[in-house]
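So this block is model.csv, CSV, N, CA and C atoms:
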chain,number,residue,atom,x,y,z
A,1260,MET,N,0.8,-1.2,0.0
A,1260,MET,CA,0.0,0.0,0.0
A,1260,MET,C,0.9,1.2,0.0
A,1261,THR,N,0.6,2.2,-0.9
A,1261,THR,CA,1.4,3.4,-1.0
A,1261,THR,C,0.8,4.5,-0.1
A,1262,ASP,N,1.7,5.1,0.6
A,1262,ASP,CA,1.3,6.2,1.5
A,1262,ASP,C,1.4,7.5,0.6
A,1263,PHE,N,0.5,8.4,0.8
A,1263,PHE,CA,0.6,9.7,0.0
A,1263,PHE,C,-0.1,10.7,0.9
A,1264,THR,N,0.2,12.0,0.5
A,1264,THR,CA,-0.4,13.1,1.2
A,1264,THR,C,-1.2,13.9,0.1
A,1265,ARG,N,-2.4,14.2,0.4
A,1265,ARG,CA,-3.2,15.0,-0.5
A,1265,ARG,C,-3.1,16.5,-0.1
A,1266,LEU,N,-2.8,17.4,-1.0
A,1266,LEU,CA,-2.7,18.8,-0.7
A,1266,LEU,C,-3.9,19.5,-1.3
A,1267,GLU,N,-4.6,20.2,-0.4
A,1267,GLU,CA,-5.8,21.0,-0.9
A,1267,GLU,C,-5.2,22.2,-1.8
A,1268,PRO,N,-6.0,22.7,-2.7
A,1268,PRO,CA,-5.6,23.7,-3.6
A,1268,PRO,C,-5.0,24.9,-2.8
A,1269,HIS,N,-5.7,25.3,-1.7
A,1269,HIS,CA,-5.2,26.5,-1.0
A,1269,HIS,C,-3.8,26.2,-0.3
A,1270,VAL,N,-3.5,25.0,0.0
A,1270,VAL,CA,-2.3,24.6,0.6
A,1270,VAL,C,-1.2,24.7,-0.5
A,1271,VAL,N,-1.4,24.3,-1.7
A,1271,VAL,CA,-0.4,24.4,-2.8
A,1271,VAL,C,-0.2,25.8,-3.0
A,1272,GLU,N,-1.2,26.7,-3.1
A,1272,GLU,CA,-1.0,28.1,-3.3
A,1272,GLU,C,-0.2,28.7,-2.2
A,1273,GLU,N,-0.4,28.3,-1.0
A,1273,GLU,CA,0.3,28.9,0.2
A,1273,GLU,C,1.8,28.5,0.1
A,1274,ILE,N,2.0,27.3,-0.3
A,1274,ILE,CA,3.4,26.8,-0.4
A,1274,ILE,C,4.2,27.6,-1.4
A,1275,VAL,N,3.5,27.8,-2.6
A,1275,VAL,CA,4.1,28.6,-3.7
A,1275,VAL,C,4.3,30.0,-3.2
A,1276,ARG,N,3.4,30.6,-2.5
A,1276,ARG,CA,3.5,32.0,-2.0
A,1276,ARG,C,4.7,32.0,-1.0
A,1277,ILE,N,4.8,31.1,-0.1
A,1277,ILE,CA,5.9,31.1,0.9
A,1277,ILE,C,7.3,31.0,0.1
A,1278,CYS,N,7.3,30.1,-0.9
A,1278,CYS,CA,8.5,30.0,-1.7
A,1278,CYS,C,8.9,31.3,-2.3
A,1279,GLU,N,7.9,32.0,-2.8
A,1279,GLU,CA,8.2,33.4,-3.5
A,1279,GLU,C,8.7,34.3,-2.4
A,1280,VAL,N,8.2,34.4,-1.2
A,1280,VAL,CA,8.7,35.3,-0.2
A,1280,VAL,C,10.1,34.9,0.2
A,1281,MET,N,10.4,33.6,0.3
A,1281,MET,CA,11.8,33.2,0.6
A,1281,MET,C,12.7,33.5,-0.5
A,1282,LEU,N,12.3,33.3,-1.8
A,1282,LEU,CA,13.1,33.7,-2.9
A,1282,LEU,C,13.5,35.2,-2.9
A,1283,LEU,N,12.5,36.0,-2.6
A,1283,LEU,CA,12.8,37.4,-2.5
A,1283,LEU,C,13.9,37.7,-1.5
A,1284,GLU,N,13.8,37.1,-0.3
A,1284,GLU,CA,14.7,37.3,0.8
A,1284,GLU,C,16.1,36.8,0.3
A,1285,PHE,N,16.2,35.6,-0.3
A,1285,PHE,CA,17.5,35.1,-0.8
A,1285,PHE,C,18.1,36.0,-1.8
A,1286,ARG,N,17.3,36.6,-2.7
A,1286,ARG,CA,17.8,37.5,-3.8
A,1286,ARG,C,18.4,38.7,-3.1
A,1287,GLU,N,17.7,39.2,-2.1
A,1287,GLU,CA,18.3,40.4,-1.4
A,1287,GLU,C,19.6,40.0,-0.7
A,1288,ALA,N,19.6,38.8,-0.1
A,1288,ALA,CA,20.9,38.3,0.5
A,1288,ALA,C,22.0,38.2,-0.5
A,1289,LEU,N,21.6,37.8,-1.7
A,1289,LEU,CA,22.6,37.6,-2.8
A,1289,LEU,C,23.2,39.0,-3.1
A,1290,GLU,N,22.4,40.0,-3.1
A,1290,GLU,CA,23.0,41.4,-3.4
A,1290,GLU,C,23.9,41.8,-2.3
A,1291,ILE,N,23.6,41.4,-1.0
A,1291,ILE,CA,24.5,41.7,0.1
A,1291,ILE,C,25.8,41.0,0.0
A,1292,THR,N,25.8,39.8,-0.5
A,1292,THR,CA,27.0,39.0,-0.6
A,1292,THR,C,28.0,39.7,-1.5
A,1293,SER,N,27.6,40.5,-2.5
A,1293,SER,CA,28.5,41.2,-3.4
A,1293,SER,C,29.3,42.2,-2.6
A,1294,LEU,N,28.7,42.7,-1.5
A,1294,LEU,CA,29.5,43.7,-0.7
A,1294,LEU,C,30.5,43.0,0.2
A,1295,LEU,N,30.3,41.7,0.5
A,1295,LEU,CA,31.2,41.0,1.3
A,1295,LEU,C,32.6,40.8,0.7
A,1296,GLY,N,32.6,40.8,-0.6
A,1296,GLY,CA,33.9,40.5,-1.3
A,1296,GLY,C,34.8,41.7,-1.4
A,1297,ASN,N,34.4,42.8,-0.7
A,1297,ASN,CA,35.3,44.0,-0.8
A,1297,ASN,C,35.5,44.5,0.6
A,1298,PRO,N,36.2,43.7,1.5
A,1298,PRO,CA,36.4,44.2,2.9
A,1298,PRO,C,37.4,45.4,2.9
A,1299,HIS,N,37.1,46.3,3.8
A,1299,HIS,CA,37.9,47.5,4.0
A,1299,HIS,C,38.3,47.6,5.5
A,1300,GLY,N,39.3,48.4,5.7
A,1300,GLY,CA,39.7,48.8,7.1
A,1300,GLY,C,40.6,47.8,7.8
A,1301,PHE,N,41.2,46.9,7.0
A,1301,PHE,CA,42.1,45.9,7.7
A,1301,PHE,C,43.6,46.4,7.9
A,1302,GLY,N,43.9,47.5,7.2
A,1302,GLY,CA,45.2,48.1,7.3
A,1302,GLY,C,46.2,47.6,6.3
A,1303,ASP,N,47.4,48.0,6.4
A,1303,ASP,CA,48.4,47.7,5.4
A,1303,ASP,C,49.4,46.6,5.7
A,1304,PHE,N,49.3,46.1,6.9
A,1304,PHE,CA,50.2,45.0,7.3
A,1304,PHE,C,49.9,43.7,6.5
A,1305,ASP,N,51.0,42.9,6.3
A,1305,ASP,CA,50.8,41.7,5.5
A,1305,ASP,C,49.7,40.8,6.1
A,1306,SER,N,49.7,40.7,7.5
A,1306,SER,CA,48.7,39.8,8.1
A,1306,SER,C,47.3,40.4,8.0
A,1307,ALA,N,47.2,41.7,7.9
A,1307,ALA,CA,45.9,42.3,7.7
A,1307,ALA,C,45.4,42.1,6.3
A,1308,GLN,N,46.3,42.1,5.3
A,1308,GLN,CA,45.9,41.9,3.9
A,1308,GLN,C,45.6,40.4,3.8
A,1309,GLN,N,46.3,39.5,4.5
A,1309,GLN,CA,45.9,38.1,4.4
A,1309,GLN,C,44.5,37.8,5.0
A,1310,LEU,N,44.2,38.5,6.1
A,1310,LEU,CA,42.9,38.4,6.7
A,1310,LEU,C,41.8,38.9,5.7
A,1311,ALA,N,42.0,40.0,5.1
A,1311,ALA,CA,41.1,40.5,4.1
A,1311,ALA,C,40.9,39.6,3.0
A,1312,ALA,N,42.0,39.0,2.5
A,1312,ALA,CA,41.9,38.0,1.4
A,1312,ALA,C,41.1,36.8,1.8
A,1313,GLY,N,41.2,36.4,3.1
A,1313,GLY,CA,40.4,35.3,3.6
A,1313,GLY,C,38.9,35.6,3.6
A,1314,TYR,N,38.6,36.8,4.0
A,1314,TYR,CA,37.2,37.2,4.0
A,1314,TYR,C,36.7,37.3,2.5
A,1315,ARG,N,37.5,37.7,1.6
A,1315,ARG,CA,37.1,37.7,0.2
A,1315,ARG,C,36.8,36.3,-0.3
A,1316,ARG,N,37.6,35.3,0.1
A,1316,ARG,CA,37.4,33.9,-0.3
A,1316,ARG,C,36.1,33.4,0.3
A,1317,LYS,N,35.8,33.8,1.6
A,1317,LYS,CA,34.6,33.4,2.2
A,1317,LYS,C,33.3,34.0,1.6
A,1318,ALA,N,33.5,35.2,1.0
A,1318,ALA,CA,32.4,35.9,0.4
A,1318,ALA,C,32.0,35.3,-0.9
A,1319,ALA,N,33.0,35.0,-1.8
A,1319,ALA,CA,32.7,34.5,-3.2
A,1319,ALA,C,33.9,33.8,-3.8
A,1320,GLY,N,33.6,32.9,-4.7
A,1320,GLY,CA,34.6,32.3,-5.5
A,1320,GLY,C,34.9,30.9,-5.2
A,1321,THR,N,34.4,30.3,-4.1
A,1321,THR,CA,34.6,28.9,-3.8
A,1321,THR,C,33.2,28.3,-3.6
A,1322,PRO,N,33.1,27.0,-3.7
A,1322,PRO,CA,31.8,26.3,-3.5
A,1322,PRO,C,31.2,26.5,-2.1
A,1323,GLU,N,32.0,26.8,-1.2
A,1323,GLU,CA,31.6,27.0,0.2
A,1323,GLU,C,31.3,28.5,0.6
A,1324,SER,N,31.6,29.4,-0.4
A,1324,SER,CA,31.5,30.8,-0.1
A,1324,SER,C,30.0,31.2,0.1
A,1325,ALA,N,29.9,32.4,0.7
A,1325,ALA,CA,28.5,32.9,1.0
A,1325,ALA,C,27.7,33.0,-0.3
A,1326,ARG,N,28.3,33.7,-1.3
A,1326,ARG,CA,27.6,33.9,-2.5
A,1326,ARG,C,27.1,32.6,-3.2
A,1327,GLU,N,28.0,31.7,-3.3
A,1327,GLU,CA,27.6,30.4,-3.9
A,1327,GLU,C,26.6,29.6,-3.1
A,1328,CYS,N,26.7,29.7,-1.8
A,1328,CYS,CA,25.7,29.0,-1.0
A,1328,CYS,C,24.3,29.6,-1.2
A,1329,VAL,N,24.2,31.0,-1.2
A,1329,VAL,CA,23.0,31.6,-1.4
A,1329,VAL,C,22.4,31.3,-2.8
A,1330,GLU,N,23.3,31.3,-3.8
A,1330,GLU,CA,22.9,30.9,-5.2
A,1330,GLU,C,22.3,29.5,-5.2
A,1331,GLN,N,22.9,28.6,-4.5
A,1331,GLN,CA,22.4,27.2,-4.4
A,1331,GLN,C,21.1,27.1,-3.8
A,1332,PHE,N,20.9,27.9,-2.7
A,1332,PHE,CA,19.6,28.0,-2.0
A,1332,PHE,C,18.5,28.5,-3.0
A,1333,ILE,N,18.8,29.5,-3.7
A,1333,ILE,CA,17.9,30.1,-4.7
A,1333,ILE,C,17.5,29.1,-5.8
A,1334,GLU,N,18.5,28.3,-6.3
A,1334,GLU,CA,18.3,27.3,-7.3
A,1334,GLU,C,17.3,26.2,-6.8
A,1335,VAL,N,17.6,25.7,-5.6
A,1335,VAL,CA,16.8,24.6,-5.1
A,1335,VAL,C,15.4,25.1,-4.7
A,1336,LEU,N,15.3,26.3,-4.1
A,1336,LEU,CA,14.0,26.8,-3.8
A,1336,LEU,C,13.2,27.1,-5.0
A,1337,THR,N,13.8,27.6,-6.1
A,1337,THR,CA,13.1,27.8,-7.3
A,1337,THR,C,12.6,26.5,-7.9
A,1338,GLN,N,13.4,25.4,-7.8
A,1338,GLN,CA,12.9,24.1,-8.3
A,1338,GLN,C,11.7,23.6,-7.4
A,1339,LEU,N,11.8,23.8,-6.1
A,1339,LEU,CA,10.8,23.4,-5.2
A,1339,LEU,C,9.5,24.2,-5.5
A,1340,ARG,N,9.6,25.5,-5.7
A,1340,ARG,CA,8.4,26.3,-6.0
A,1340,ARG,C,7.8,25.9,-7.3
A,1341,ASP,N,8.6,25.6,-8.3
A,1341,ASP,CA,8.1,25.2,-9.7
A,1341,ASP,C,7.5,23.9,-9.6
A,1342,ALA,N,8.0,23.0,-8.8
A,1342,ALA,CA,7.4,21.6,-8.7
A,1342,ALA,C,6.1,21.7,-8.0
A,1343,PHE,N,5.9,22.5,-7.0
A,1343,PHE,CA,4.6,22.7,-6.4
A,1343,PHE,C,3.6,23.4,-7.3
A,1344,ALA,N,4.1,24.4,-8.0
A,1344,ALA,CA,3.3,25.2,-8.9
A,1344,ALA,C,2.8,24.4,-10.1
A,1345,THR,N,3.6,23.6,-10.7
A,1345,THR,CA,3.2,22.8,-11.9
A,1345,THR,C,2.6,21.5,-11.4
A,1346,GLY,N,3.2,20.9,-10.4
A,1346,GLY,CA,2.7,19.6,-9.9
A,1346,GLY,C,1.3,19.8,-9.3
A,1347,GLY,N,1.2,20.9,-8.5
A,1347,GLY,CA,-0.1,21.2,-7.9
A,1347,GLY,C,-1.2,21.4,-8.9
A,1348,ALA,N,-0.9,22.2,-9.9
A,1348,ALA,CA,-1.9,22.4,-11.0
A,1348,ALA,C,-2.2,21.1,-11.7
A,1349,ALA,N,-1.2,20.4,-12.0
A,1349,ALA,CA,-1.4,19.1,-12.7
A,1349,ALA,C,-2.2,18.2,-11.9
A,1350,PHE,N,-1.9,18.1,-10.6
A,1350,PHE,CA,-2.6,17.3,-9.6
A,1350,PHE,C,-4.1,17.7,-9.6
A,1351,LEU,N,-4.3,19.0,-9.5
A,1351,LEU,CA,-5.7,19.5,-9.4
A,1351,LEU,C,-6.5,19.2,-10.7
A,1352,ASP,N,-5.8,19.4,-11.9
A,1352,ASP,CA,-6.5,19.0,-13.1
A,1352,ASP,C,-6.8,17.5,-13.2
A,1353,THR,N,-5.9,16.7,-12.8
A,1353,THR,CA,-6.2,15.3,-12.8
A,1353,THR,C,-7.3,14.9,-11.8
A,1354,GLU,N,-7.3,15.5,-10.6
A,1354,GLU,CA,-8.3,15.2,-9.7
A,1354,GLU,C,-9.7,15.7,-10.2
A,1355,SER,N,-9.7,16.8,-10.8
A,1355,SER,CA,-11.0,17.3,-11.4
A,1355,SER,C,-11.5,16.4,-12.5
A,1356,ASP,N,-10.6,15.9,-13.4
A,1356,ASP,CA,-11.0,15.0,-14.4
A,1356,ASP,C,-11.5,13.7,-13.8
A,1357,TRP,N,-10.9,13.2,-12.8
A,1357,TRP,CA,-11.3,12.0,-12.1
A,1357,TRP,C,-12.6,12.2,-11.4
A,1358,ALA,N,-12.9,13.4,-10.8
A,1358,ALA,CA,-14.1,13.6,-10.2
A,1358,ALA,C,-15.3,13.7,-11.2
A,1359,ARG,N,-15.0,14.3,-12.3
A,1359,ARG,CA,-16.1,14.3,-13.4
A,1359,ARG,C,-16.4,12.9,-13.9
A,1360,GLN,N,-15.4,12.1,-14.1
A,1360,GLN,CA,-15.6,10.8,-14.6
A,1360,GLN,C,-16.4,10.0,-13.6
A,1361,LEU,N,-16.0,10.1,-12.3
A,1361,LEU,CA,-16.7,9.4,-11.3
A,1361,LEU,C,-18.2,9.8,-11.2
A,1362,ALA,N,-18.4,11.1,-11.3
A,1362,ALA,CA,-19.8,11.7,-11.3
A,1362,ALA,C,-20.6,11.2,-12.4
A,1363,ALA,N,-20.0,11.0,-13.6
A,1363,ALA,CA,-20.7,10.5,-14.8
A,1363,ALA,C,-21.1,9.1,-14.6
A,1364,THR,N,-20.3,8.3,-13.9
A,1364,THR,CA,-20.6,6.9,-13.7
A,1364,THR,C,-21.4,6.5,-12.5
A,1365,ASP,N,-21.5,7.5,-11.5
A,1365,ASP,CA,-22.1,7.2,-10.2
A,1365,ASP,C,-23.6,7.5,-10.3
A,1366,PRO,N,-24.5,6.5,-10.2
A,1366,PRO,CA,-25.9,6.8,-10.3
A,1366,PRO,C,-26.5,7.7,-9.2
A,1367,ASP,N,-25.7,7.7,-8.0
A,1367,ASP,CA,-26.2,8.5,-6.9
A,1367,ASP,C,-25.7,10.0,-6.9
A,1368,SER,N,-24.9,10.3,-8.0
A,1368,SER,CA,-24.3,11.7,-8.0
A,1368,SER,C,-25.2,12.8,-8.5
A,1369,GLY,N,-26.3,12.4,-9.2
A,1369,GLY,CA,-27.2,13.4,-9.7
A,1369,GLY,C,-26.7,14.0,-11.0
A,1370,ALA,N,-25.6,13.4,-11.5
A,1370,ALA,CA,-25.1,13.9,-12.8
A,1370,ALA,C,-26.0,13.6,-13.9
A,1371,PRO,N,-26.0,14.5,-15.0
A,1371,PRO,CA,-26.9,14.2,-16.1
A,1371,PRO,C,-26.7,12.9,-16.8
A,1372,ASN,N,-25.5,12.4,-16.8
A,1372,ASN,CA,-25.2,11.1,-17.5
A,1372,ASN,C,-25.5,9.9,-16.6
A,1373,SER,N,-26.0,10.1,-15.4
A,1373,SER,CA,-26.2,9.0,-14.5
A,1373,SER,C,-27.4,8.2,-15.0
A,1374,HIS,N,-27.4,7.0,-14.5
A,1374,HIS,CA,-28.4,6.0,-14.9
A,1374,HIS,C,-29.6,6.0,-14.0
A,1375,GLN,N,-29.9,7.1,-13.4
A,1375,GLN,CA,-31.1,7.1,-12.5
A,1375,GLN,C,-32.3,7.1,-13.4
A,1376,GLY,N,-33.3,6.3,-13.0
A,1376,GLY,CA,-34.5,6.2,-13.7
A,1376,GLY,C,-34.4,5.1,-14.8
A,1377,ALA,N,-33.2,4.6,-15.1
A,1377,ALA,CA,-33.1,3.5,-16.1
A,1377,ALA,C,-33.5,2.2,-15.3
A,1378,GLN,N,-34.3,1.4,-15.9
A,1378,GLN,CA,-34.8,0.2,-15.3
A,1378,GLN,C,-34.0,-1.0,-15.8
Here is the file; what I need is its structure written in the form of structure tokens.
Amino acid sequence: MTDFTRLEPHVVEEIVRICEVMLLEFREALEITSLLGNPHGFGDFDSAQQLAAGYRRKAAGTPESARECVEQFIEVLTQLRDAFATGGAAFLDTESDWARQLAATDPDSGAPNSHQGAQ
């Protein structure tokens, strides 16, 4: 027996809306990460310049850097949003078709194609 969860249309819409809000926040964070790659005020000593270079590496340019991590979050969240948006719509269309077909074959549904009155 397969376990599944049924999502009501308003739940799918709410999930997509939440994803949109989160994407907006991540896009703003992505803009902030561009500022992180330009650290100032460390001074002229070699050790200070090395420290500033370390902050630049943490800001962008490596798979673990802040910018790349935020970009990865945006990519995954966009895929999640799209999956709910398209999958939810496809699910609702399929469910609607299924309900119409069931109503057409169910004599107790009151549908015009029902066989009520047929002897």
So the first atom is atom C of Phe1343 (chain A) and the second is atom C of Leu1289 (chain A); what is the distance between them in Å, to one decimal place?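 Distance between the two atoms: 25.4 Å.
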Which residues, written as number ranges by chain, have at least one atom at most 12 Å from Leu1294 (chain A), with only C-alpha atoms counted and residues fewer than 3 positions away on the same chain left out? A: 1287-1291, 1297-1299, 1314-1315, 1317-1319, 1325-1326
Can you pull out every residue within 7 Å of region 1330-1337 of chain A, counting all atoms listed in the file, but drop anything in the same chain fewer than 6 positions away, and send it as a VMD selection string? chain A and resid 1278 1282 1285 to 1286 1289
Point-to-point distance in Å for CA of Cys1328 (chain A) and atom N of Thr1345 (chain A):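 Result for atom N of Thr1345 (chain A) versus CA of Cys1328 (chain A): 24.7 Å, one decimal.
With all atoms listed in the file as the atoms that count, the minimum distance from Thr1292 (chain A) to the choices A:Arg1340, A:Glu1327, A:Glu1267, A:Leu1310 is reached by A:Glu1327.
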To one decimal place, how far is CA of Leu1266 (chain A) from CA of Gly1346 (chain A) in Å? 10.7 Å
Quick one: of A:Arg1316, A:Ser1324, A:Leu1283, A:Glu1272, who's nearest to Gly1296 (chain A), counting only N, CA and C atoms?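 Closest residue, counting only N, CA and C atoms: A:Arg1316.
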Return region 1311-1322 of chain A, completed with all heavy atoms, as a compact mmCIF listing (two decimals), in the frame of the given file.
# COMPACT_ATOMS: atom_id res chain seq x y z
N ALA A 1311 42.00 40.00 5.10
CA ALA A 1311 41.10 40.50 4.10
C ALA A 1311 40.90 39.60 3.00
O ALA A 1311 39.78 39.36 2.50
CB ALA A 1311 41.56 41.91 3.63
N ALA A 1312 42.00 39.00 2.50
CA ALA A 1312 41.90 38.00 1.40
C ALA A 1312 41.10 36.80 1.80
O ALA A 1312 40.28 36.23 1.05
CB ALA A 1312 43.29 37.55 0.97
N GLY A 1313 41.20 36.40 3.10
CA GLY A 1313 40.40 35.30 3.60
C GLY A 1313 38.90 35.60 3.60
O GLY A 1313 38.10 34.75 3.26
N TYR A 1314 38.60 36.80 4.00
CA TYR A 1314 37.20 37.20 4.00
C TYR A 1314 36.70 37.30 2.50
O TYR A 1314 35.51 36.93 2.29
CB TYR A 1314 37.03 38.60 4.66
CG TYR A 1314 36.92 38.47 6.15
CD1 TYR A 1314 38.00 38.78 6.98
CD2 TYR A 1314 35.73 38.04 6.75
CE1 TYR A 1314 37.90 38.66 8.35
CE2 TYR A 1314 35.62 37.92 8.12
CZ TYR A 1314 36.72 38.23 8.92
OH TYR A 1314 36.61 38.10 10.28
N ARG A 1315 37.50 37.70 1.60
CA ARG A 1315 37.10 37.70 0.20
C ARG A 1315 36.80 36.30 -0.30
O ARG A 1315 35.77 36.10 -0.97
CB ARG A 1315 38.14 38.38 -0.69
CG ARG A 1315 38.08 39.89 -0.72
CD ARG A 1315 38.94 40.48 -1.82
NE ARG A 1315 40.36 40.31 -1.58
CZ ARG A 1315 41.10 41.09 -0.79
NH1 ARG A 1315 40.56 42.11 -0.17
NH2 ARG A 1315 42.39 40.86 -0.64
N ARG A 1316 37.60 35.30 0.10
CA ARG A 1316 37.40 33.90 -0.30
C ARG A 1316 36.10 33.40 0.30
O ARG A 1316 35.34 32.65 -0.28
CB ARG A 1316 38.54 33.06 0.11
CG ARG A 1316 39.71 33.13 -0.84
CD ARG A 1316 40.74 32.05 -0.54
NE ARG A 1316 41.23 32.08 0.83
CZ ARG A 1316 42.22 32.86 1.29
NH1 ARG A 1316 42.82 33.68 0.45
NH2 ARG A 1316 42.61 32.81 2.54
N LYS A 1317 35.80 33.80 1.60
CA LYS A 1317 34.60 33.40 2.20
C LYS A 1317 33.30 34.00 1.60
O LYS A 1317 32.25 33.47 1.66
CB LYS A 1317 34.61 33.66 3.72
CG LYS A 1317 35.58 32.77 4.48
CD LYS A 1317 35.58 33.11 5.94
CE LYS A 1317 36.60 32.30 6.68
NZ LYS A 1317 36.12 31.04 7.13
N ALA A 1318 33.50 35.20 1.00
CA ALA A 1318 32.40 35.90 0.40
C ALA A 1318 32.00 35.30 -0.90
O ALA A 1318 30.81 35.13 -1.22
CB ALA A 1318 32.76 37.37 0.23
N ALA A 1319 33.00 35.00 -1.80
CA ALA A 1319 32.70 34.50 -3.20
C ALA A 1319 33.90 33.80 -3.80
O ALA A 1319 34.99 34.05 -3.37
CB ALA A 1319 32.23 35.67 -4.04
N GLY A 1320 33.60 32.90 -4.70
CA GLY A 1320 34.60 32.30 -5.50
C GLY A 1320 34.90 30.90 -5.20
O GLY A 1320 35.66 30.23 -5.92
N THR A 1321 34.40 30.30 -4.10
CA THR A 1321 34.60 28.90 -3.80
C THR A 1321 33.20 28.30 -3.60
O THR A 1321 32.22 28.99 -3.29
CB THR A 1321 35.41 28.71 -2.53
OG1 THR A 1321 34.67 29.17 -1.40
CG2 THR A 1321 36.74 29.44 -2.61
N PRO A 1322 33.10 27.00 -3.70
CA PRO A 1322 31.80 26.30 -3.50
C PRO A 1322 31.20 26.50 -2.10
O PRO A 1322 29.98 26.52 -1.98
CB PRO A 1322 32.09 24.83 -3.75
CG PRO A 1322 33.31 24.81 -4.59
CD PRO A 1322 34.11 26.03 -4.18
